[in-house]
Each structure stands twice: as structure tokens, then as C-alpha cells.
$ cat work_6.txt   # compact mmCIF, C-alpha atoms and all ligand atoms
# COMPACT_ATOMS: atom_id res chain seq x y z
CA MET T 107 137.17 173.96 202.17
CA GLY T 108 134.88 171.95 204.48
CA LYS T 109 132.30 169.42 203.33
CA LYS T 110 128.63 169.71 203.94
CA ILE T 111 126.10 166.95 204.52
CA LEU T 112 122.59 168.17 203.79
CA VAL T 113 119.61 166.36 205.35
CA LEU T 114 116.36 167.01 203.47
CA ALA T 115 114.46 163.88 204.57
CA THR T 116 111.34 165.31 206.18
CA SER T 117 111.01 162.70 208.94
CA PHE T 118 114.73 162.39 209.76
CA LEU T 119 114.46 164.26 213.08
CA ASP T 120 110.95 163.12 213.98
CA THR T 121 110.22 162.14 217.55
CA LEU T 122 109.13 158.51 217.36
CA ILE T 123 105.88 157.42 218.94
CA THR T 124 107.14 154.43 220.93
CA HIS T 125 110.69 155.71 221.56
CA PRO T 126 112.56 152.59 220.42
CA PRO T 127 116.15 152.24 221.67
CA GLU T 128 117.60 153.31 218.28
CA GLU T 129 115.71 156.60 218.27
CA GLY T 130 118.13 159.44 217.44
CA LYS T 131 120.92 157.01 216.46
CA ALA T 132 121.13 158.24 212.85
CA LYS T 133 121.64 161.82 214.01
CA GLN T 134 124.31 160.61 216.44
CA MET T 135 126.08 158.83 213.56
CA LEU T 136 126.21 162.08 211.60
CA GLU T 137 127.34 164.10 214.61
CA ARG T 138 130.14 161.57 215.21
CA LEU T 139 131.30 162.04 211.62
CA LYS T 140 131.44 165.75 212.22
CA LEU T 141 133.35 165.36 215.49
CA GLU T 142 135.88 162.95 213.99
CA SER T 143 136.49 165.31 211.06
CA GLY T 144 137.71 167.98 213.46
CA GLY T 145 135.13 170.44 212.19
CA GLU T 146 135.80 169.76 208.49
CA ILE T 147 132.30 168.36 208.07
CA GLU T 148 129.20 170.43 208.61
CA ILE T 149 125.74 168.88 208.95
CA ILE T 150 122.81 170.95 207.77
CA TYR T 151 119.29 169.82 208.68
CA ARG T 152 116.57 171.25 206.46
CA CYS T 153 113.92 168.65 207.22
CA GLU T 154 111.16 171.26 207.10
CA ARG T 155 111.84 171.83 203.38
CA LYS T 156 108.93 170.73 201.17
CA PRO T 157 109.99 168.04 198.66
CA GLU T 158 107.74 169.53 195.96
CA GLU T 159 109.77 172.76 195.93
CA PRO T 160 112.32 172.80 193.09
CA LEU T 161 115.96 172.51 194.15
CA SER T 162 118.28 175.46 193.76
CA VAL T 163 122.00 175.34 193.08
CA GLU T 164 122.66 177.79 195.95
CA GLU T 165 121.30 175.38 198.58
CA PHE T 166 123.79 172.76 197.32
CA LYS T 167 126.87 175.00 197.58
CA ASP T 168 129.71 172.85 199.01
CA VAL T 169 127.26 169.98 199.68
CA THR T 170 129.02 166.63 199.24
CA CYS T 171 126.21 164.32 200.38
CA VAL T 172 122.48 164.75 200.62
CA ILE T 173 120.01 162.55 202.49
CA ALA T 174 117.23 163.04 200.00
CA ASP T 175 113.46 163.03 200.30
CA LEU T 176 111.33 163.05 197.14
CA GLU T 177 112.59 166.36 195.72
CA LYS T 178 113.48 166.12 192.02
CA TYR T 179 117.10 165.75 190.94
CA SER T 180 116.83 166.59 187.26
CA ARG T 181 119.51 166.33 184.63
CA ASP T 182 119.74 170.10 184.48
CA PHE T 183 120.19 170.38 188.25
CA LEU T 184 122.70 167.54 188.46
CA SER T 185 124.71 169.03 185.61
CA GLN T 186 125.24 172.08 187.80
CA VAL T 187 125.96 170.44 191.17
CA GLY T 188 127.59 167.11 190.19
CA ILE T 189 131.26 166.67 191.09
CA LYS T 190 132.22 165.97 187.46
CA ARG T 191 130.83 169.33 186.41
CA GLY T 192 132.75 171.39 188.95
CA GLY T 193 130.05 171.12 191.64
CA SER T 194 130.53 169.41 194.99
CA LEU T 195 127.80 166.75 195.06
CA GLU T 196 129.06 163.16 195.21
CA LEU T 197 126.28 161.21 196.93
CA ILE T 198 122.50 161.26 196.92
CA ALA T 199 121.42 158.91 199.70
CA ARG T 200 117.71 158.36 199.03
CA TYR T 201 115.71 158.17 202.22
CA GLY T 202 113.49 155.30 201.08
CA ILE T 203 113.29 152.62 198.46
CA GLY T 204 112.22 154.41 195.28
CA TYR T 205 114.64 156.60 193.36
CA SER T 206 112.50 157.77 190.45
CA SER T 207 112.97 161.33 191.78
CA VAL T 208 116.60 161.15 190.61
CA ASP T 209 117.72 161.16 186.99
CA ILE T 210 120.02 158.18 187.44
CA ARG T 211 121.71 158.44 184.04
CA ALA T 212 122.55 162.07 184.66
CA ALA T 213 123.76 161.30 188.19
CA THR T 214 126.09 158.63 186.80
CA GLU T 215 127.33 160.92 184.04
CA PHE T 216 128.09 163.73 186.47
CA GLY T 217 129.81 161.47 189.01
CA VAL T 218 127.09 161.34 191.66
CA MET T 219 126.52 158.06 193.52
CA VAL T 220 122.88 157.26 194.30
CA THR T 221 121.92 154.86 197.08
CA ASN T 222 118.57 153.65 198.38
CA CYS T 223 117.30 151.67 201.37
CA PRO T 224 115.86 148.41 200.05
CA GLY T 225 113.51 146.69 202.46
CA CYS T 226 113.86 149.40 205.12
CA ASN T 227 110.17 150.15 205.29
CA ALA T 228 108.68 147.25 203.37
CA LEU T 229 106.72 145.57 206.17
CA PRO T 230 105.02 148.78 207.40
CA THR T 231 104.05 149.58 203.80
CA ALA T 232 102.73 146.05 203.19
CA GLU T 233 100.81 146.35 206.44
CA TRP T 234 99.21 149.59 205.17
CA ALA T 235 98.24 148.01 201.83
CA HIS T 236 96.74 145.06 203.72
CA SER T 237 94.63 147.30 205.97
CA THR T 238 93.55 149.45 203.00
CA ILE T 239 92.34 146.33 201.17
CA LEU T 240 90.23 145.32 204.16
CA ASP T 241 88.86 148.84 204.59
CA ILE T 242 87.86 149.22 200.94
CA ALA T 243 86.34 145.74 200.76
CA GLY T 244 84.45 146.52 204.00
CA ARG T 245 83.40 150.07 202.96
CA ARG T 246 84.72 151.06 206.38
CA ILE T 247 84.80 154.84 205.86
CA LEU T 248 81.19 154.93 204.67
CA HIS T 249 80.03 152.70 207.52
CA HIS T 250 81.99 154.79 209.99
CA GLN T 251 80.43 158.01 208.71
CA ARG T 252 76.92 156.60 209.12
CA ALA T 253 77.47 155.00 212.51
CA SER T 254 79.27 158.04 213.90
CA ARG T 255 76.25 160.17 213.01
CA GLY T 256 73.92 157.82 214.87
CA LYS T 257 72.67 156.16 211.67
CA GLY T 258 72.43 152.51 210.64
CA LYS T 259 73.94 150.99 207.55
CA GLU T 260 72.98 152.12 204.10
CA GLY T 261 73.78 150.59 200.73
CA PRO T 262 75.73 147.37 200.31
CA SER T 263 77.46 146.13 203.46
CA ARG T 264 80.85 144.42 203.04
CA LEU T 265 82.63 142.22 200.55
CA ASP T 266 84.38 139.02 201.52
CA VAL T 267 88.14 139.01 201.26
CA SER T 268 88.54 135.39 202.30
CA GLY T 269 88.50 132.94 199.44
CA LYS T 270 88.73 135.65 196.77
CA SER T 271 91.46 136.14 194.21
CA LEU T 272 94.25 138.62 194.83
CA GLY T 273 96.02 140.30 191.91
CA VAL T 274 99.43 141.72 192.78
CA ILE T 275 101.06 144.17 190.39
CA GLY T 276 104.79 144.22 191.10
CA THR T 277 106.15 141.24 193.00
CA GLY T 278 109.15 142.90 194.62
CA THR T 279 109.80 143.21 198.32
CA ILE T 280 106.47 144.81 199.26
CA GLY T 281 104.30 142.86 196.81
CA ARG T 282 105.66 139.60 198.22
CA LEU T 283 105.09 140.72 201.80
CA VAL T 284 101.48 141.53 200.94
CA VAL T 285 101.09 138.02 199.52
CA LYS T 286 102.53 136.66 202.78
CA LEU T 287 100.25 138.79 204.95
CA MET T 288 97.15 137.86 202.95
CA LYS T 289 97.89 134.11 203.07
CA GLY T 290 95.54 133.62 206.02
CA TYR T 291 92.57 134.59 203.87
CA GLU T 292 92.93 131.51 201.67
CA MET T 293 93.15 133.55 198.50
CA ARG T 294 94.16 132.54 195.00
CA VAL T 295 97.01 134.79 194.02
CA ILE T 296 97.79 135.97 190.51
CA ALA T 297 100.45 138.51 189.69
CA TYR T 298 101.88 140.71 186.99
CA ASP T 299 105.51 141.84 186.85
CA PRO T 300 107.63 142.47 183.74
CA TYR T 301 110.43 140.67 185.62
CA PRO T 302 108.65 137.65 187.07
CA ASP T 303 110.34 135.49 189.68
CA ARG T 304 109.04 132.06 188.71
CA GLU T 305 110.78 130.25 191.55
CA TRP T 306 109.14 132.47 194.19
CA ALA T 307 105.82 132.10 192.37
CA LYS T 308 106.07 128.31 192.39
CA GLU T 309 106.98 128.19 196.06
CA ASN T 310 104.07 130.47 196.96
CA GLY T 311 101.40 129.15 194.64
CA VAL T 312 101.32 132.38 192.66
CA VAL T 313 100.50 132.40 188.94
CA TYR T 314 101.89 135.16 186.73
CA VAL T 315 99.44 136.47 184.15
CA PRO T 316 99.44 139.41 181.73
CA LEU T 317 98.24 142.71 183.22
CA LYS T 318 94.97 142.71 181.29
CA LYS T 319 94.09 139.23 182.50
CA LEU T 320 94.87 140.29 186.05
CA CYS T 321 92.53 143.28 185.71
CA GLN T 322 89.78 141.06 184.29
CA THR T 323 89.99 138.27 186.82
CA ALA T 324 91.31 139.45 190.20
CA ASP T 325 88.74 140.37 192.85
CA ILE T 326 91.26 142.49 194.73
CA ILE T 327 94.04 144.32 192.91
CA THR T 328 96.97 145.79 194.80
CA SER T 329 99.74 147.72 193.12
CA HIS T 330 103.38 147.57 194.27
CA ALA T 331 105.29 148.28 191.08
CA ALA T 332 108.44 150.35 191.31
CA CYS T 333 108.03 152.51 188.25
CA SER T 334 107.10 156.07 187.50
CA GLU T 335 104.42 155.69 184.84
CA THR T 336 100.70 154.98 184.96
CA ILE T 337 99.97 151.25 184.73
CA ILE T 338 96.26 151.28 185.53
CA GLY T 339 94.43 153.73 183.30
CA GLU T 340 90.90 153.96 181.90
CA GLU T 341 91.48 150.97 179.62
CA GLU T 342 92.57 148.66 182.45
CA ILE T 343 89.79 149.88 184.75
CA LYS T 344 87.22 149.07 182.05
CA LEU T 345 88.27 145.42 182.37
CA MET T 346 87.40 145.36 186.07
CA HIS T 347 84.06 144.54 187.72
CA PRO T 348 81.59 146.36 189.99
CA THR T 349 83.02 144.35 192.90
CA THR T 350 86.72 144.90 192.13
CA VAL T 351 88.73 146.37 195.00
CA LEU T 352 91.61 148.51 193.74
CA VAL T 353 94.45 149.55 196.05
CA ASN T 354 97.61 151.48 195.35
CA CYS T 355 100.01 151.94 198.25
CA ALA T 356 103.06 152.39 196.01
CA ARG T 357 103.04 155.71 194.13
CA GLY T 358 99.96 157.71 193.14
CA ILE T 359 101.05 157.90 189.50
CA LEU T 360 100.63 154.13 189.00
CA VAL T 361 96.85 154.49 188.82
CA ASP T 362 95.03 157.19 186.86
CA TYR T 363 93.21 158.75 189.81
CA LYS T 364 90.49 160.39 187.69
CA ALA T 365 89.71 157.10 185.97
CA ALA T 366 89.54 155.37 189.38
CA PHE T 367 87.40 158.19 190.83
CA TYR T 368 84.78 158.05 188.08
CA ALA T 369 84.78 154.24 188.07
CA VAL T 370 83.91 154.24 191.80
CA LYS T 371 81.40 157.07 191.44
CA GLU T 372 79.64 155.28 188.58
CA GLY T 373 79.72 151.91 190.36
CA ARG T 374 82.05 150.30 187.82
CA ILE T 375 84.46 149.23 190.56
CA TRP T 376 83.81 148.67 194.27
CA GLY T 377 86.32 151.13 195.69
CA TYR T 378 89.78 152.61 195.48
CA GLY T 379 92.42 153.07 198.17
CA VAL T 380 95.52 155.14 197.53
CA ASP T 381 98.33 156.27 199.80
CA GLU T 382 98.65 159.70 198.22
CA ILE T 383 97.28 163.20 198.75
CA TRP T 384 94.05 163.63 196.82
CA PRO T 385 93.29 166.69 194.63
CA LYS T 386 90.86 169.00 196.41
CA ASN T 387 88.60 169.46 193.38
CA LEU T 388 87.34 165.83 193.35
CA SER T 389 85.07 165.42 196.36
CA LEU T 390 85.16 162.00 197.99
CA GLU T 391 81.95 162.54 199.92
CA GLY T 392 79.83 159.40 199.88
CA LEU T 393 82.38 157.41 197.87
CA ASN T 394 84.22 154.23 198.79
CA ILE T 395 87.59 155.85 198.24
CA ILE T 396 90.20 156.04 200.98
CA VAL T 397 93.24 158.25 200.68
CA SER T 398 96.20 158.93 202.97
CA PRO T 399 99.14 161.32 202.68
CA HIS T 400 101.81 158.73 201.74
CA VAL T 401 102.14 157.34 205.25
CA GLY T 402 102.61 153.68 204.31
CA SER T 403 106.15 153.62 205.61
CA ASP T 404 105.62 156.27 208.24
CA THR T 405 105.74 154.11 211.34
CA ASP T 406 108.54 154.13 213.91
CA ARG T 407 109.98 150.99 212.34
CA GLY T 408 109.75 152.45 208.83
CA LYS T 409 111.33 155.75 209.82
CA LEU T 410 114.15 154.10 211.76
CA GLY T 411 114.93 151.86 208.80
CA MET T 412 115.16 154.83 206.43
CA GLN T 413 117.15 156.95 208.91
CA LEU T 414 119.73 154.28 209.66
CA MET T 415 120.20 152.94 206.13
CA SER T 416 120.49 156.34 204.43
CA THR T 417 122.88 157.57 207.14
CA GLN T 418 125.00 154.43 206.84
CA ALA T 419 125.43 155.20 203.13
CA VAL T 420 126.72 158.68 204.02
CA VAL T 421 129.05 157.34 206.72
CA ASP T 422 130.44 154.67 204.36
CA PHE T 423 130.99 157.23 201.62
CA MET T 424 132.69 159.69 203.96
CA GLN T 425 134.96 156.89 205.20
CA GLY T 426 136.02 156.13 201.64
CA LYS T 427 133.97 152.93 201.26
CA VAL T 428 131.52 152.11 198.50
CA PRO T 429 128.05 152.31 200.09
CA GLN T 430 126.28 148.94 200.17
CA TYR T 431 123.10 149.86 198.30
CA LEU T 432 124.59 151.75 195.40
CA VAL T 433 121.98 152.01 192.65
CA ASN T 434 124.21 153.30 189.83
CA LYS T 435 127.25 151.03 190.10
CA GLU T 436 128.46 152.29 186.69
CA VAL T 437 129.45 155.53 188.41
CA LEU T 438 132.43 153.70 189.91
CA GLY T 439 133.98 153.15 186.51
CA LYS T 440 133.56 156.79 185.47
N1 LIG T 501 103.46 154.23 200.42
C1 LIG T 501 104.67 154.30 200.92
O1 LIG T 501 104.93 154.94 201.93
C2 LIG T 501 105.77 153.52 200.26
C3 LIG T 501 106.85 153.09 201.02
C4 LIG T 501 107.82 152.32 200.43
C5 LIG T 501 107.75 152.04 199.08
N2 LIG T 501 106.73 152.51 198.35
C6 LIG T 501 106.65 152.21 196.92
O2 LIG T 501 106.31 150.84 196.75
C7 LIG T 501 106.80 150.38 195.50
C8 LIG T 501 107.39 148.99 195.62
O3 LIG T 501 108.49 148.99 196.49
P1 LIG T 501 109.38 147.66 196.68
O4 LIG T 501 110.29 147.90 197.80
O5 LIG T 501 108.54 146.45 196.69
O6 LIG T 501 110.21 147.71 195.32
P2 LIG T 501 111.01 146.51 194.64
O7 LIG T 501 112.05 147.16 193.79
O8 LIG T 501 111.46 145.51 195.63
O9 LIG T 501 109.93 145.81 193.71
C9 LIG T 501 109.27 146.48 192.71
C10 LIG T 501 108.76 145.49 191.70
O10 LIG T 501 108.04 146.24 190.71
C11 LIG T 501 108.28 145.59 189.47
N3 LIG T 501 107.94 146.50 188.39
C12 LIG T 501 108.69 147.46 187.79
N4 LIG T 501 108.01 148.04 186.80
C13 LIG T 501 106.80 147.43 186.76
C14 LIG T 501 105.65 147.58 185.94
N5 LIG T 501 105.60 148.47 184.96
N6 LIG T 501 104.60 146.79 186.20
C15 LIG T 501 104.61 145.88 187.20
N7 LIG T 501 105.67 145.67 187.99
C16 LIG T 501 106.74 146.45 187.77
C17 LIG T 501 109.75 145.22 189.53
O11 LIG T 501 110.08 144.23 188.58
C18 LIG T 501 109.85 144.71 190.96
O12 LIG T 501 109.60 143.33 191.05
C19 LIG T 501 107.77 151.46 195.02
O13 LIG T 501 107.13 152.24 194.02
C20 LIG T 501 107.99 152.32 196.21
O14 LIG T 501 108.28 153.66 195.86
C21 LIG T 501 105.71 153.22 198.90
$ encode --input "work_6.txt" --output "C-alpha cells"
Amino acid sequence: MGKKILVLATSFLDTLITHPPEEGKAKQMLERLKLESGGEIEIIYRCERKPEEPLSVEEFKDVTCVIADLEKYSRDFLSQVGIKRGGSLELIARYGIGYSSVDIRAATEFGVMVTNCPGCNALPTAEWAHSTILDIAGRRILHHQRASRGKGKEGPSRLDVSGKSLGVIGTGTIGRLVVKLMKGYEMRVIAYDPYPDREWAKENGVVYVPLKKLCQTADIITSHAACSETIIGEEEIKLMHPTTVLVNCARGILVDYKAAFYAVKEGRIWGYGVDEIWPKNLSLEGLNIIVSPHVGSDTDRGKLGMQLMSTQAVVDFMQGKVPQYLVNKEVLGK
């Protein structure tokens, strides 16, 4: 029986804007695998599939490896498709950094390796957080709306970013890059992370503080935590000030969007920027809230990084090697 490699990553086959030399290389790597297998390996591209649609066991029939978008790999699903349970799935190569869409314990239990692409799209995402901070502080959308309708400014103009204090939640790859990018603004940087890196903090003049203190004292708060629960809720927002800029270019769930919405609407914080699709029922008209459809990493550089790293994991696995960025190393001992 042949093996199937399923590609669900929505931007895997995208035409890149600037046509860098590596464009299409990931697809070529997969096609080479197929060629070298003498037809034993089949590659199935289903990049048009919507990640929010639940997975079905039928679409994973004979699938050995999947290049995975953000679709949910639940315990129940993995118990039906995992190699240790009589299924065929042996590798979930996450197309990106986060892997909260995969039940890692279940994957390990059912013999499925999970890999990710650390750093692959970190700089483009940090760049997006940086620009969102400037746009919220500067009320750019509101100014744009007025000016584009032939009207002058209305309401408060812009906040300074320079010389203010920056509060970074999550000092991993992206959080640190944001600190680096914002250095030119002569900011004081405080940070919260349950796993602080004191050496990095010392080298970069960053002071770790508890989350509540960060919410109370930072002028600009940017969230880069890799977790799947809400960190900034009503309680934390209450600690902020009418001039606090709140930005979340990690995952929407990290900030309670309703709490942020009402805080901006009622003037309790300055503005909110989030890289996530916004619910239609909460109108943003006239509010200093900027949203985007999770495009932080969606540049040519970001896409290439995800394409090449996730494909390399598949190639390594198919060639009998342990993929470099294996998240659940315990699976090897199972
Ligand atoms: N918007 C986008 O397009 C986009 C692109 C890439 C990554 N991301 C998201 O950005 C986030 C950060 O990515 P990264 O590459 O820097 O990850 P990383 O693993 O390098 O760093 C994440 C950091 O978050 C910290 N953390 C974990 N739980 C926390 C908590 N409860 N509170 C505060 N900090 C916590 C970790 O200790 C770690 O230092 C991830 O959630 C990722 O999914 C978004």
C-alpha cells in the first residue's frame, strides 16, 4: 500500500509577491520524494480546505504525513488515525510555530510525531506587531477615515511611542524581536513570562515583573505568549489606563476581545490592535481598534520559512531520520 502526504497548509502553494528564488522549492522537494519512491508516495494538496472545518477520518485514509494548518487534531481524532491505533498517521508537520491545535499528549500516545517551524516567520510577525503598535498609538485608522473623506482631524491626535514604557508578554522569539525593533524609540522595557530568561533580560535592559504590574505600568502592551488561554481579561484591562495601547499579534484568544472592545469604546484604554478576524456583531466604526485576518507571518519571507521547514520535516521523516524540530520527543521512546 502506498503512502500519502497530505498538504493542508492554506498558503503552501501561494504565488509569492516578489518571486524570491526559493519560490516553489518546497513543492519541488515533495515532488522529488514522490519521484524517488517510484510512485509509492502520493502527494495530495488540499490547500483550499478551511482550517476551521472539523477533520474527518476518511480524509486521512492512508495518510502518513500531514503538513498541517490550524485545523484541530483532537484526542478523539488522533485515536482513530494514529499509527499506534491501527491508523496510518505518523507525522503532523505544523506549518508555523504554534502547535496548540494538536493534542500533543494524545499524539505521543498514539505514535504521531509533531514538528513545528521555530523562528520561520518570527521577524515578519514582529514587524506586524511593531507597525500595529505605531498605528494604534497614532490612531491611524481614524485619521485615515477623516482625511480620506476630505475632513480634518477630530478628537485626540497621536500618542508618543518614543520614551514610553513597553510591556512585553511572552519573551520568546517574537517578543524578543519586538524588543529589538522598538529599541530605537528609547523605551523602558518590562516583561512578563512564566519562564523568564534573566540573562537575556540583563543583556537587553529588560525588567521582568508580574503580569498585574505590567498591566498597571506599561504604556504600550504587546502580547507574544505561546499559550492557548486568555491572559488579558476584564480584570487585567481594569488595571490599564486611558492611554494604554494594547496589541495582540499572537493568538486572538490571549486577550478577551469583548473586554478590550468595551474598554476602548468607553475610553478606558487608548486602543486595541489584534491580528485576528473580528466578530461581525461588534462594530468597530469610530473606534481605535485595528484588526487583521492573522496575516502577521503572511509575507513572502514568512511563507517561505513555513513551507521549507515543514517540508523538510516530512522529507526527513520519509528518509528515516528524526525531524529536527520534533515537539514531542517522548514519542521516540514509545
Ligand atoms: N500573527 C501571526 O501570524 C503569528 C505568526 C507566528 C506566531 N504567532 C504566535 O506568536 C506567539 C509567539 O510565538 P514565538 O515564536 O515567539 O513563540 P516562542 O515559543 O518562541 O515564545 C513564546 C513565549 O511565550 C511564553 N509563554 C507561555 N505561556 C505564557 C503565558 N501564559 N504568559 C506569558 N508568556 C507565556 C513562553 O515562555 C515563551 O517565552 C505564538 O502564540 C504564535 O502562535 C502568530
$ closest_residue --input "work_6.txt" --among "T:Ser237, T:Thr231, T:Asn310, T:Ser389" --to "ligand LIG 501 (chain T)" --atoms "all atoms listed in the file"
T:Thr231
$ closest_residue --input "work_6.txt" --among "T:Glu159, T:Glu233, T:Glu335, T:Glu142" --to "Thr405 (chain T)" --atoms "all atoms listed in the file"
T:Glu233
$ residues_around --input "work_6.txt" --residues "Thr279 (chain T)" --least-positions-apart "4" --cutoff "10 Å" --atoms "only C-alpha atoms" --output "JSON list (two decimals) with C-alpha atoms, in the frame of the given file"
[["chain", "number", "residue", "atom", "x", "y", "z"],
["T", 224, "PRO", "CA", 115.86, 148.41, 200.05],
["T", 225, "GLY", "CA", 113.51, 146.69, 202.46],
["T", 227, "ASN", "CA", 110.17, 150.15, 205.29],
["T", 228, "ALA", "CA", 108.68, 147.25, 203.37],
["T", 229, "LEU", "CA", 106.72, 145.57, 206.17],
["T", 232, "ALA", "CA", 102.73, 146.05, 203.19],
["T", 283, "LEU", "CA", 105.09, 140.72, 201.80],
["T", 284, "VAL", "CA", 101.48, 141.53, 200.94],
["T", 330, "HIS", "CA", 103.38, 147.57, 194.27],
["T", 331, "ALA", "CA", 105.29, 148.28, 191.08]]
$ residues_around --input "work_6.txt" --residues "Lys110 (chain T)" --least-positions-apart "5" --cutoff "10 Å" --atoms "only C-alpha atoms" --output "PyMOL selection string"
chain T and resi 140+146-150+166-172+194-195
$ closest_residue --input "work_6.txt" --among "T:His236, T:Arg181, T:His249, T:Lys386" --to "ligand LIG 501 (chain T)" --atoms "all atoms listed in the file"
T:His236
